[in-house]
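Presented below is the structure to which this report refers.
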Amino acid sequence: FEDLNCWKAARELRMEISDLIRKFPQSEKFELVSQMRRASRSVTLNIAEGYGRFHFKENIQFCRVSRGSLYELLDQFITAHDEGYIDEK
């Protein structure tokens, strides 16, 4: 799975999010920060787990869960923007 481009991109995103959320207010430690950390980790974890499955359809399901986590992150970015923690960039 480490050779998959989607996993590599998700790993980069996970590392960027890890750096970003360190700058969020302490009051978000157990809220938005925790949610973003878990969602970003879920993306790479599900790609890896799906890759390890023996049946193609199982792999597809894990990829769907991973895609869902990406959309969850998108909403969390919108929330972070709305709260003034990040800008448009």
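In the structure tokens, the first chain shown is A, the next is B, and so on; residue numbers restart at 1 for each chain, and ligands run from 1 in the order shown.
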
Discussion item. Going by DSSP on the backbone, which residues of range 9-72 of chain A come out as alpha helix (DSSP H)? List them as number ranges by chain.
Written reply: A: 9-21, 32-51, 56-72

Worksheet item: Which neighbours of range 56-71 of chain A fall inside 12 Å, counting only C-alpha atoms, when residues of the same chain fewer than 2 positions from it are skipped, and could you give them as a PyMOL selection string?
Response: chain A and resi 1+6-7+9-10+13-14+17+35-54+73-78

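Contact shell of range 24-27 of chain A at 12 Å (only C-alpha atoms; same-chain neighbours under 5 positions omitted): Ile17, Ser18, Asp19, Leu32, Val33, Ser34, Met36, Phe77, Ala80, His81, Glu83, Gly84, Tyr85 and Ile86 of chain A.
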
Keeping only N, CA and C atoms, write those residues as a PDB file, in the first residue's frame.
```
ATOM      1  N   ILE A  17      -2.023  18.355   8.268  1.00  0.00           N
ATOM      2  CA  ILE A  17      -3.067  18.599   9.262  1.00  0.00           C
ATOM      3  C   ILE A  17      -2.475  18.550  10.664  1.00  0.00           C
ATOM      4  N   SER A  18      -1.579  17.614  10.895  1.00  0.00           N
ATOM      5  CA  SER A  18      -0.931  17.500  12.198  1.00  0.00           C
ATOM      6  C   SER A  18      -0.210  18.803  12.557  1.00  0.00           C
ATOM      7  N   ASP A  19       0.485  19.393  11.595  1.00  0.00           N
ATOM      8  CA  ASP A  19       1.159  20.676  11.833  1.00  0.00           C
ATOM      9  C   ASP A  19       0.152  21.798  12.044  1.00  0.00           C
ATOM     10  N   LEU A  32     -12.515  20.060  17.801  1.00  0.00           N
ATOM     11  CA  LEU A  32     -12.132  20.092  16.392  1.00  0.00           C
ATOM     12  C   LEU A  32     -10.754  19.465  16.152  1.00  0.00           C
ATOM     13  N   VAL A  33      -9.803  19.729  17.023  1.00  0.00           N
ATOM     14  CA  VAL A  33      -8.451  19.171  16.853  1.00  0.00           C
ATOM     15  C   VAL A  33      -8.504  17.643  16.872  1.00  0.00           C
ATOM     16  N   SER A  34      -9.194  17.103  17.840  1.00  0.00           N
ATOM     17  CA  SER A  34      -9.309  15.648  17.953  1.00  0.00           C
ATOM     18  C   SER A  34     -10.021  15.051  16.737  1.00  0.00           C
ATOM     19  N   MET A  36     -10.242  16.304  13.692  1.00  0.00           N
ATOM     20  CA  MET A  36      -9.406  16.407  12.491  1.00  0.00           C
ATOM     21  C   MET A  36      -8.268  15.397  12.524  1.00  0.00           C
ATOM     22  N   PHE A  77     -12.477  21.618   7.844  1.00  0.00           N
ATOM     23  CA  PHE A  77     -11.760  22.804   7.345  1.00  0.00           C
ATOM     24  C   PHE A  77     -12.713  23.992   7.236  1.00  0.00           C
ATOM     25  N   ALA A  80     -13.210  25.240  10.698  1.00  0.00           N
ATOM     26  CA  ALA A  80     -12.015  25.958  11.159  1.00  0.00           C
ATOM     27  C   ALA A  80     -11.934  27.343  10.521  1.00  0.00           C
ATOM     28  N   HIS A  81     -12.322  27.434   9.260  1.00  0.00           N
ATOM     29  CA  HIS A  81     -12.340  28.735   8.585  1.00  0.00           C
ATOM     30  C   HIS A  81     -13.403  29.638   9.191  1.00  0.00           C
ATOM     31  N   GLU A  83     -14.561  29.612  12.123  1.00  0.00           N
ATOM     32  CA  GLU A  83     -14.158  30.011  13.475  1.00  0.00           C
ATOM     33  C   GLU A  83     -12.942  30.949  13.482  1.00  0.00           C
ATOM     34  N   GLY A  84     -12.363  31.168  12.307  1.00  0.00           N
ATOM     35  CA  GLY A  84     -11.225  32.084  12.198  1.00  0.00           C
ATOM     36  C   GLY A  84      -9.875  31.461  12.532  1.00  0.00           C
ATOM     37  N   TYR A  85      -9.802  30.125  12.557  1.00  0.00           N
ATOM     38  CA  TYR A  85      -8.550  29.453  12.873  1.00  0.00           C
ATOM     39  C   TYR A  85      -7.631  29.336  11.668  1.00  0.00           C
ATOM     40  N   ILE A  86      -8.216  29.351  10.476  1.00  0.00           N
ATOM     41  CA  ILE A  86      -7.443  29.270   9.234  1.00  0.00           C
ATOM     42  C   ILE A  86      -8.032  30.274   8.240  1.00  0.00           C
TER      43      ILE A  86
END
```
